[in-house]
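The file start_3.tsv contains TSV, C-alpha atoms and all ligand atoms:
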```
chain	number	residue	atom	x	y	z
A	310	MET	CA	21.17	5.44	181.22
A	311	LYS	CA	17.65	6.76	180.85
A	312	LYS	CA	16.35	3.21	180.81
A	313	LEU	CA	18.22	2.38	183.99
A	314	MET	CA	16.80	5.46	185.74
A	315	LEU	CA	13.31	4.42	184.73
A	316	TRP	CA	13.95	0.95	186.02
A	317	ILE	CA	15.22	2.22	189.37
A	318	GLY	CA	12.22	4.55	189.58
A	319	GLY	CA	9.96	1.58	188.99
A	320	VAL	CA	11.59	-0.46	191.75
A	321	LEU	CA	11.34	2.45	194.20
A	322	SER	CA	7.66	3.05	193.60
A	323	LEU	CA	6.94	-0.67	193.82
A	324	PHE	CA	8.71	-0.60	197.18
A	325	ALA	CA	6.63	2.38	198.32
A	326	SER	CA	3.39	0.71	197.30
A	327	GLU	CA	4.47	-2.47	199.11
A	328	GLY	CA	4.79	-0.44	202.31
A	329	ALA	CA	1.35	1.09	201.76
A	330	GLU	CA	-0.20	-2.32	201.13
A	331	LEU	CA	1.41	-3.86	204.19
A	332	PHE	CA	0.11	-1.03	206.31
A	333	ASP	CA	-3.35	-1.40	204.85
A	334	THR	CA	-3.43	-5.14	205.49
A	335	HIS	CA	-1.82	-5.33	208.92
A	336	CYS	CA	-2.10	-1.97	210.65
A	337	ALA	CA	-4.97	0.11	209.26
A	338	SER	CA	-7.64	-1.88	211.10
A	339	CYS	CA	-6.48	-0.01	214.21
A	340	HIS	CA	-4.33	2.90	213.00
A	341	SER	CA	-6.42	5.38	210.95
A	342	TYR	CA	-5.02	7.28	208.01
A	343	TYR	CA	-4.52	11.06	208.07
A	344	ILE	CA	-6.59	13.08	210.52
A	345	PRO	CA	-5.49	16.71	211.09
A	346	MET	CA	-3.62	17.16	214.37
A	347	SER	CA	-6.06	19.85	215.52
A	348	LYS	CA	-8.82	17.18	215.49
A	349	VAL	CA	-6.59	14.54	217.08
A	350	ILE	CA	-5.65	16.92	219.91
A	351	GLU	CA	-9.27	18.01	220.48
A	352	ASN	CA	-10.29	14.35	220.54
A	353	ALA	CA	-7.60	13.52	223.10
A	354	GLU	CA	-8.72	16.39	225.33
A	355	GLN	CA	-12.16	14.77	225.32
A	356	ASN	CA	-10.69	11.32	226.11
A	357	ASN	CA	-11.30	9.95	222.62
A	358	THR	CA	-15.05	10.49	222.86
A	359	ILE	CA	-15.26	12.43	219.57
A	360	LEU	CA	-13.42	10.22	217.10
A	361	HIS	CA	-13.48	6.90	219.01
A	362	LEU	CA	-10.12	5.86	217.56
A	363	LYS	CA	-8.61	2.46	218.27
A	364	ALA	CA	-5.00	3.63	218.11
A	365	PRO	CA	-2.82	6.63	217.20
A	366	THR	CA	-3.32	7.76	213.59
A	367	LEU	CA	-0.76	7.00	210.91
A	368	ASN	CA	0.33	10.63	210.78
A	369	GLN	CA	0.85	10.53	214.55
A	370	LEU	CA	3.05	7.44	214.18
A	371	SER	CA	5.00	9.14	211.41
A	372	PHE	CA	5.42	12.39	213.34
A	373	GLY	CA	6.38	10.49	216.50
A	374	VAL	CA	9.15	8.47	214.90
A	375	ARG	CA	10.52	11.46	212.97
A	376	LEU	CA	10.74	13.62	216.06
A	377	ASN	CA	11.76	11.11	218.69
A	378	VAL	CA	13.55	8.11	217.18
A	379	GLY	CA	17.27	8.40	216.55
A	380	ASP	CA	18.97	11.65	215.73
A	381	ARG	CA	17.01	13.91	213.41
A	382	LYS	CA	20.00	16.25	213.24
A	383	ALA	CA	22.11	13.48	211.72
A	384	ASP	CA	21.72	12.41	208.11
A	385	GLU	CA	18.34	11.09	207.06
A	386	GLU	CA	19.56	7.63	206.02
A	387	SER	CA	20.79	6.79	209.50
A	388	GLN	CA	17.58	8.05	211.08
A	389	ARG	CA	15.61	5.89	208.66
A	390	MET	CA	17.57	2.85	209.83
A	391	GLU	CA	16.88	3.65	213.46
A	392	VAL	CA	13.18	4.07	212.69
A	393	GLU	CA	13.16	0.66	210.99
A	394	GLU	CA	14.72	-0.86	214.10
A	395	PHE	CA	12.15	0.89	216.30
A	396	ILE	CA	9.18	-0.31	214.22
A	397	ALA	CA	10.55	-3.87	214.12
A	398	THR	CA	10.94	-3.89	217.90
A	399	TYR	CA	7.61	-2.22	218.59
A	400	ILE	CA	5.49	-4.57	216.52
A	401	ALA	CA	7.30	-7.61	217.98
A	402	SER	CA	6.96	-6.40	221.56
A	403	PRO	CA	4.83	-3.29	222.00
A	404	GLU	CA	5.65	-1.59	225.28
A	405	ARG	CA	4.36	1.78	226.32
A	406	GLU	CA	7.73	2.75	227.81
A	407	LYS	CA	9.12	2.83	224.27
A	408	SER	CA	6.35	5.13	223.07
A	409	VAL	CA	7.33	8.09	220.89
A	410	ILE	CA	3.95	9.83	220.98
A	411	PRO	CA	3.13	12.13	223.95
A	412	GLN	CA	1.33	10.13	226.60
A	413	GLU	CA	-1.54	12.63	226.84
A	414	LEU	CA	-2.47	11.66	223.28
A	415	THR	CA	-2.42	7.88	223.85
A	416	HIS	CA	-3.34	7.09	227.48
A	417	PHE	CA	-6.93	6.14	226.57
A	418	TYR	CA	-5.94	3.38	224.13
A	419	GLN	CA	-5.67	-0.31	224.95
A	420	ASP	CA	-2.28	-1.95	224.56
A	421	MET	CA	-1.20	-2.93	221.07
A	422	PRO	CA	-1.07	-6.74	220.60
A	423	SER	CA	2.29	-8.23	219.65
A	424	MET	CA	2.68	-9.08	215.96
A	425	GLN	CA	5.95	-10.98	216.28
A	426	ASP	CA	7.07	-13.00	213.22
A	427	LEU	CA	4.27	-11.63	211.09
A	428	LEU	CA	6.56	-9.69	208.75
A	429	ASP	CA	10.03	-10.45	207.39
A	430	GLU	CA	12.91	-8.00	207.34
A	431	ASP	CA	12.24	-6.68	203.82
A	432	GLN	CA	8.59	-6.14	204.61
A	433	ILE	CA	9.45	-4.25	207.77
A	434	GLU	CA	11.81	-2.06	205.76
A	435	ALA	CA	9.10	-1.23	203.22
A	436	LEU	CA	6.52	-0.63	205.94
A	437	SER	CA	8.85	1.56	207.95
A	438	THR	CA	9.79	3.65	204.89
A	439	TYR	CA	6.10	4.20	204.24
A	440	ILE	CA	5.45	5.25	207.85
A	441	PHE	CA	8.54	7.51	207.91
A	442	ASP	CA	7.49	9.39	204.76
A	443	TYR	CA	3.75	9.53	205.37
A	444	GLY	CA	3.65	12.54	207.70
A	445	GLU	CA	5.77	14.74	205.43
A	446	ASP	CA	3.72	13.64	202.42
A	447	MET	CA	0.55	14.69	204.22
A	448	ILE	CA	2.04	18.06	205.20
A	449	GLN	CA	2.91	18.68	201.56
A	450	LYS	CA	-0.49	17.57	200.39
A	451	HIS	CA	-2.41	19.77	202.82
A	452	SER	CA	-0.26	22.90	202.94
A	453	ALA	CA	0.23	25.75	200.47
A	454	LYS	CA	2.82	24.95	197.82
A	455	ILE	CA	6.45	25.84	198.60
A	456	HIS	CA	8.37	27.67	195.87
A	457	THR	CA	11.98	28.56	195.27
A	458	TYR	CA	12.70	32.24	195.85
A	459	GLU	CA	13.16	32.88	192.11
A	460	GLU	CA	9.79	31.29	191.33
A	461	ALA	CA	8.19	33.26	194.15
A	462	VAL	CA	9.44	36.63	192.88
A	463	LYS	CA	8.03	35.89	189.45
A	464	LEU	CA	4.68	34.59	190.74
A	465	ALA	CA	4.28	37.42	193.25
A	466	LYS	CA	4.65	39.98	190.45
A	467	GLU	CA	2.33	38.13	188.09
A	468	GLN	CA	-0.38	37.49	190.65
A	469	ASN	CA	0.11	40.54	192.87
A	470	LYS	CA	0.84	38.45	195.96
A	471	ILE	CA	3.06	38.88	198.98
A	472	ILE	CA	6.17	36.74	199.31
A	473	MET	CA	6.37	34.94	202.64
A	474	ILE	CA	9.70	33.38	203.47
A	475	ARG	CA	9.64	30.92	206.36
A	476	GLY	CA	12.97	30.78	208.16
A	477	VAL	CA	13.40	27.19	209.35
A	478	LEU	CA	15.91	24.56	210.45
A	479	PRO	CA	15.33	20.83	210.08
A	480	PHE	CA	15.62	20.23	213.82
A	481	CYS	CA	13.66	23.28	215.01
A	482	LYS	CA	10.84	21.84	217.11
A	483	TRP	CA	8.55	24.85	216.76
A	484	CYS	CA	8.99	24.93	212.97
A	485	ILE	CA	7.95	21.29	212.87
A	486	LYS	CA	4.96	22.06	215.09
A	487	MET	CA	3.90	24.84	212.71
A	488	ASP	CA	4.19	22.47	209.74
A	489	ARG	CA	2.15	19.75	211.44
A	490	GLU	CA	-0.49	21.75	213.27
A	491	VAL	CA	-0.86	25.13	211.60
A	492	MET	CA	0.17	25.07	207.93
A	493	VAL	CA	-2.07	22.05	207.18
A	494	GLU	CA	-5.23	23.74	208.46
A	495	PRO	CA	-7.56	24.48	205.51
A	496	GLU	CA	-8.13	28.13	206.54
A	497	VAL	CA	-4.39	28.74	206.70
A	498	ARG	CA	-3.81	27.08	203.37
A	499	ASP	CA	-6.61	29.13	201.80
A	500	ALA	CA	-5.30	32.41	203.20
A	501	LEU	CA	-1.81	31.63	201.93
A	502	ASP	CA	-3.02	30.45	198.52
A	503	LYS	CA	-5.09	33.59	198.04
A	504	GLY	CA	-2.64	36.25	199.06
A	505	PHE	CA	0.88	34.83	199.39
A	506	VAL	CA	3.64	32.91	197.69
A	507	VAL	CA	5.50	30.74	200.18
A	508	VAL	CA	9.24	30.06	200.32
A	509	LYS	CA	11.09	27.97	202.91
A	510	THR	CA	14.67	28.87	203.75
A	511	ASN	CA	17.15	27.07	205.97
A	512	VAL	CA	18.49	30.04	207.90
A	513	VAL	CA	21.89	28.44	208.48
A	514	THR	CA	22.77	27.00	205.08
A	515	GLU	CA	20.91	29.49	202.88
A	516	LYS	CA	20.95	33.27	202.55
A	517	LEU	CA	17.91	35.49	202.92
A	518	PRO	CA	17.26	37.95	200.08
A	519	LEU	CA	17.48	41.77	200.20
A	520	GLY	CA	20.24	41.68	202.81
A	521	MET	CA	17.87	40.49	205.54
A	522	LYS	CA	19.48	38.78	208.54
A	523	SER	CA	18.13	35.63	210.13
A	524	LEU	CA	15.95	36.21	213.19
A	525	GLY	CA	16.38	32.61	214.34
A	526	THR	CA	13.63	30.02	213.95
A	527	PRO	CA	10.78	29.89	213.30
A	528	SER	CA	10.88	33.26	211.55
A	529	PHE	CA	8.89	34.98	208.82
A	530	TYR	CA	9.97	37.55	206.24
A	531	PHE	CA	7.33	39.28	204.14
A	532	ILE	CA	8.17	41.02	200.88
A	533	ASN	CA	5.84	43.06	198.71
A	534	SER	CA	4.77	41.83	195.27
A	535	ASP	CA	7.33	44.22	193.74
A	536	GLY	CA	10.02	41.88	195.09
A	537	VAL	CA	12.04	44.69	196.71
A	538	THR	CA	10.01	46.21	199.55
A	539	ILE	CA	10.25	44.42	202.89
A	540	ILE	CA	6.89	44.56	204.65
A	541	ASP	CA	7.83	42.93	207.95
A	542	GLN	CA	10.17	40.45	209.61
A	543	LEU	CA	9.38	38.60	212.83
A	544	ASN	CA	10.03	35.41	214.70
A	545	GLY	CA	8.13	33.01	216.94
A	546	TYR	CA	5.42	30.39	216.88
A	547	GLY	CA	1.77	31.15	216.31
A	548	ASN	CA	-1.24	28.86	216.52
A	549	LYS	CA	-3.86	28.87	213.76
A	550	LYS	CA	-5.76	31.88	215.06
A	551	GLU	CA	-2.63	33.93	215.74
A	552	PHE	CA	-1.08	33.04	212.42
A	553	LEU	CA	-4.22	33.97	210.46
A	554	GLU	CA	-4.28	37.31	212.29
A	555	LEU	CA	-0.65	37.87	211.40
A	556	LEU	CA	-1.37	37.24	207.70
A	557	LYS	CA	-4.27	39.70	207.79
A	558	GLY	CA	-2.08	42.32	209.45
A	559	ILE	CA	0.63	41.85	206.83
A	560	GLN	CA	-1.91	42.25	204.04
A	561	SER	CA	-3.23	45.52	205.40
A	562	LYS	CA	0.32	46.80	205.89
A	563	ALA	CA	1.10	45.94	202.28
A	564	LYS	CA	-1.73	48.04	200.92
B	1	LIG	C1	-5.28	-4.45	217.04
B	1	LIG	C2	-4.96	-3.05	216.84
B	1	LIG	C3	-3.58	-2.70	216.31
B	1	LIG	C4	-2.96	-3.16	215.18
B	1	LIG	C5	-3.47	-4.19	214.18
B	1	LIG	C6	-1.70	-2.46	215.09
B	1	LIG	N1	-1.58	-1.61	216.16
B	1	LIG	FE1	0.00	-0.36	216.51
B	1	LIG	N2	-0.89	0.29	218.21
B	1	LIG	C7	-2.15	-0.04	218.63
B	1	LIG	C8	-2.47	0.69	219.85
B	1	LIG	C9	-3.77	0.59	220.62
B	1	LIG	C10	-1.34	1.49	220.14
B	1	LIG	C11	-1.16	2.47	221.32
B	1	LIG	C12	-0.91	1.74	222.59
B	1	LIG	C13	0.37	1.00	222.62
B	1	LIG	O1	1.40	1.53	222.19
B	1	LIG	O2	0.35	-0.15	223.07
B	1	LIG	C14	-0.36	1.21	219.09
B	1	LIG	C15	0.89	1.78	219.04
B	1	LIG	C16	1.78	1.62	217.99
B	1	LIG	C17	3.09	2.22	217.93
B	1	LIG	C18	3.74	3.05	219.00
B	1	LIG	C19	3.23	4.46	219.04
B	1	LIG	C20	3.87	5.23	220.17
B	1	LIG	O3	3.15	5.57	221.11
B	1	LIG	O4	5.05	5.49	220.11
B	1	LIG	C21	3.65	1.82	216.76
B	1	LIG	C22	5.03	2.21	216.24
B	1	LIG	C23	2.70	0.99	216.09
B	1	LIG	N3	1.58	0.88	216.86
B	1	LIG	C24	2.91	0.42	214.85
B	1	LIG	C25	2.03	-0.49	214.27
B	1	LIG	C26	2.27	-1.11	212.98
B	1	LIG	C27	3.46	-0.83	212.09
B	1	LIG	C28	1.24	-1.98	212.77
B	1	LIG	C29	1.05	-2.90	211.60
B	1	LIG	C30	2.11	-3.83	211.33
B	1	LIG	C31	0.36	-1.90	213.92
B	1	LIG	N4	0.86	-0.98	214.80
B	1	LIG	C32	-0.80	-2.63	214.08
B	1	LIG	C33	-2.99	-0.94	218.04
B	1	LIG	C34	-2.71	-1.69	216.91
```
Using structure tokens, write down the structure that the file contains.
Ligand code: HEC
Amino acid sequence: MKKLMLWIGGVLSLFASEGAELFDTHCASCHSYYIPMSKVIENAEQNNTILHLKAPTLNQLSFGVRLNVGDRKADEESQRMEVEEFIATYIASPEREKSVIPQELTHFYQDMPSMQDLLDEDQIEALSTYIFDYGEDMIQKHSAKIHTYEEAVKLAKEQNKIIMIRGVLPFCKWCIKMDREVMVEPEVRDALDKGFVVVKTNVVTEKLPLGMKSLGTPSFYFINSDGVTIIDQLNGYGNKKEFLELLKGIQSKAK
């Protein structure tokens, strides 16, 4: 059994690296790898005069398909299939009307050339899996680590940090926006790493600790390092500046 698991693991990672290679060979000449959304948005506001990109970045493609192709409230497997269909159609016949990225972020690009018959079905599947997963991988890589609540209680005590629970839902647009545009910012990550232990809780399927009730999404619940004292609970979206101010406020309240 163990051998079989290893074998399956091997096939999966081969598949993932095939997607990465295909992207590198056929797409990366125009579509850049990860650039933080704050930079991408600033660049778009200046009509692409800062970064001089040729096309949307890979994380933009990934974010666009995740948010706007198929039903993200349905199960992930069926959304993955719809994304594969979308990518197959787009590279065969790119048309702006099918675009899944906000127009204000793409209007300054030239049209993408058709790449019909370049890739076979298996290759498109591997490529599309890679694109689908890339954005979430980048969020994980650039954000503070997410812990289970049990881990967080232990770490908070050991390191004298505040527990921050993020109340989220998979289809909450503003939670996704916070993940993509705020949590990945280096200053935010640093502030969280220094003073907080982060937990993510689905407010519908999971229970909040200490008898707290969900405040909808996005919401934030701060608990002292003792694991029992609630410092504050609030909901809403904040940009980088607002969120950093919130964290500072919570830290002075906790003292
Ligand atoms: C010669 C440059 C070039 C290459 C190579 C290229 N693209 Fe593009 N692509 C663009 C440009 C420019 C746009 C934005 C304008 C448009 O959609 O026509 C774009 C848009 C897209 C979009 C739609 C984004 C949206 O707005 O919804 C997808 C999906 C996409 N590309 C996938 C790919 C994939 C996958 C590959 C590799 C197989 C690839 N592209 C290769 C230039 C390129």
Please identify every polymer residue within 7 Å of ligand LIG 1 (chain B), using all atoms listed in the file, and present the set as a PyMOL selection string.
-> chain A and resi 332+335-340+363-365+370+373+396+399-400+403-405+407-410+415+418-422+436
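Residues with any atom within 6 Å of stretch 507-518 of chain A, counting all atoms listed in the file and excluding same-chain neighbours fewer than 2 positions away, are Ile455, His456, Thr457, Met473, Ile474, Arg475, Gly476, Val477, Leu478, Gly520 and Met521 of chain A.
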Restricting the calculation to only C-alpha atoms, which member of A:Ser402, A:Gln560, A:Asn368, A:Asn377 is positioned closest to A:Met447?
-> A:Asn368
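Atom CA of A:Ala353 sits 7.2 Å away from atom CA of A:Glu413.
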Shell of 12 Å around A:Lys463, only C-alpha atoms, local chain residues under 6 positions omitted, as an MDAnalysis selection string | chainID A and resid 456:457 469:472 506 533:536
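Among the candidate residues A:Met492, A:Val497, A:Ala329, A:Ile359, the one lying nearest to A:Thr438 is A:Ala329, with distances computed using only C-alpha atoms.
Counting only C-alpha atoms, the residue from A:Asn548, A:Thr538, A:Ser341, A:Asn352 that sits nearest to A:Ala563 is A:Thr538.
Neighbours of A:Leu555 closer than or equal to 12 Å, with all atoms listed in the file counted and sequence neighbours fewer than 4 positions away skipped, come out as Met473, Val497, Ala500, Leu501, Phe529, Tyr530, Phe531, Asp541, Gln542, Leu543, Asn544, Gly545, Tyr546, Gly547, Asn548, Lys549, Lys550, Glu551, Ile559, Gln560, Ser561 and Lys562 of chain A.
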Filtering to C-alpha atoms, could you give me those residues as a PDB file, keeping the file's coordinate frame?
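And here is the file that came out, out28.pdb:
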```pdb
ATOM      1  CA  MET A 473       6.370  34.940 202.640  1.00  0.00           C
ATOM      2  CA  VAL A 497      -4.390  28.740 206.700  1.00  0.00           C
ATOM      3  CA  ALA A 500      -5.300  32.410 203.200  1.00  0.00           C
ATOM      4  CA  LEU A 501      -1.810  31.630 201.930  1.00  0.00           C
ATOM      5  CA  PHE A 529       8.890  34.980 208.820  1.00  0.00           C
ATOM      6  CA  TYR A 530       9.970  37.550 206.240  1.00  0.00           C
ATOM      7  CA  PHE A 531       7.330  39.280 204.140  1.00  0.00           C
ATOM      8  CA  ASP A 541       7.830  42.930 207.950  1.00  0.00           C
ATOM      9  CA  GLN A 542      10.170  40.450 209.610  1.00  0.00           C
ATOM     10  CA  LEU A 543       9.380  38.600 212.830  1.00  0.00           C
ATOM     11  CA  ASN A 544      10.030  35.410 214.700  1.00  0.00           C
ATOM     12  CA  GLY A 545       8.130  33.010 216.940  1.00  0.00           C
ATOM     13  CA  TYR A 546       5.420  30.390 216.880  1.00  0.00           C
ATOM     14  CA  GLY A 547       1.770  31.150 216.310  1.00  0.00           C
ATOM     15  CA  ASN A 548      -1.240  28.860 216.520  1.00  0.00           C
ATOM     16  CA  LYS A 549      -3.860  28.870 213.760  1.00  0.00           C
ATOM     17  CA  LYS A 550      -5.760  31.880 215.060  1.00  0.00           C
ATOM     18  CA  GLU A 551      -2.630  33.930 215.740  1.00  0.00           C
ATOM     19  CA  ILE A 559       0.630  41.850 206.830  1.00  0.00           C
ATOM     20  CA  GLN A 560      -1.910  42.250 204.040  1.00  0.00           C
ATOM     21  CA  SER A 561      -3.230  45.520 205.400  1.00  0.00           C
ATOM     22  CA  LYS A 562       0.320  46.800 205.890  1.00  0.00           C
TER      23      LYS A 562
END
```
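Computed from the coordinates, the atom CA of A:Ile440 to atom CA of A:Lys454 distance equals 22.3 Å.
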May I ask which of the residues A:Leu414, A:Val374, A:Leu362, A:Ile344 is the closest one to A:Gln388, counting all atoms listed in the file?
-> A:Val374
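Note that the spacing between atom CA of A:Gln468 and atom CA of A:Val493 amounts to 22.7 Å.
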Restricting to only C-alpha atoms, whichever of A:Val392, A:Thr526, A:Pro495, A:Lys348 is closest to A:Lys482 is A:Thr526
In terms of the shortest atom-to-atom distance over all atoms listed in the file, which of A:Ser528, A:Gln412, A:Ser347, A:Asn357 is closest to A:Trp483?
-> A:Ser528
Incomplete stretch 485-508 of chain A brought to N, CA and C atoms, written out as a compact mmCIF listing (two decimals), in the frame of the given file:
```txt
# COMPACT_ATOMS: atom_id res chain seq x y z
N ILE A 485 8.62 22.55 213.15
CA ILE A 485 7.95 21.29 212.87
C ILE A 485 6.50 21.35 213.35
N LYS A 486 6.32 21.93 214.54
CA LYS A 486 4.96 22.06 215.09
C LYS A 486 4.10 22.94 214.18
N MET A 487 4.67 23.99 213.63
CA MET A 487 3.90 24.84 212.71
C MET A 487 3.52 24.07 211.45
N ASP A 488 4.48 23.29 210.93
CA ASP A 488 4.19 22.47 209.74
C ASP A 488 3.03 21.51 210.00
N ARG A 489 3.09 20.84 211.15
CA ARG A 489 2.15 19.75 211.44
C ARG A 489 0.79 20.23 211.90
N GLU A 490 0.76 21.37 212.62
CA GLU A 490 -0.49 21.75 213.27
C GLU A 490 -1.11 23.02 212.74
N VAL A 491 -0.33 23.85 212.04
CA VAL A 491 -0.86 25.13 211.60
C VAL A 491 -0.96 25.21 210.07
N MET A 492 0.14 24.92 209.39
CA MET A 492 0.17 25.07 207.93
C MET A 492 -0.84 24.16 207.22
N VAL A 493 -1.15 23.01 207.82
CA VAL A 493 -2.07 22.05 207.18
C VAL A 493 -3.54 22.39 207.38
N GLU A 494 -3.83 23.38 208.21
CA GLU A 494 -5.23 23.74 208.46
C GLU A 494 -5.81 24.40 207.20
N PRO A 495 -6.99 23.96 206.76
CA PRO A 495 -7.56 24.48 205.51
C PRO A 495 -7.65 26.00 205.45
N GLU A 496 -8.03 26.65 206.57
CA GLU A 496 -8.13 28.13 206.54
C GLU A 496 -6.77 28.77 206.28
N VAL A 497 -5.73 28.19 206.88
CA VAL A 497 -4.39 28.74 206.70
C VAL A 497 -3.95 28.54 205.25
N ARG A 498 -4.17 27.35 204.76
CA ARG A 498 -3.81 27.08 203.37
C ARG A 498 -4.53 28.04 202.42
N ASP A 499 -5.83 28.23 202.66
CA ASP A 499 -6.61 29.13 201.80
C ASP A 499 -6.07 30.55 201.84
N ALA A 500 -5.81 31.04 203.06
CA ALA A 500 -5.30 32.41 203.20
C ALA A 500 -3.98 32.56 202.46
N LEU A 501 -3.11 31.56 202.60
CA LEU A 501 -1.81 31.63 201.93
C LEU A 501 -1.99 31.54 200.41
N ASP A 502 -2.81 30.60 199.97
CA ASP A 502 -3.02 30.45 198.52
C ASP A 502 -3.56 31.73 197.90
N LYS A 503 -4.46 32.39 198.61
CA LYS A 503 -5.09 33.59 198.04
C LYS A 503 -4.15 34.77 197.96
N GLY A 504 -3.37 35.00 199.03
CA GLY A 504 -2.64 36.25 199.06
C GLY A 504 -1.11 36.16 199.08
N PHE A 505 -0.56 34.94 199.16
CA PHE A 505 0.88 34.83 199.39
C PHE A 505 1.53 33.79 198.46
N VAL A 506 2.84 33.95 198.32
CA VAL A 506 3.64 32.91 197.69
C VAL A 506 4.67 32.50 198.74
N VAL A 507 4.72 31.20 199.03
CA VAL A 507 5.50 30.74 200.18
C VAL A 507 6.86 30.17 199.77
N VAL A 508 7.88 30.57 200.52
CA VAL A 508 9.24 30.06 200.32
C VAL A 508 9.71 29.53 201.66
```
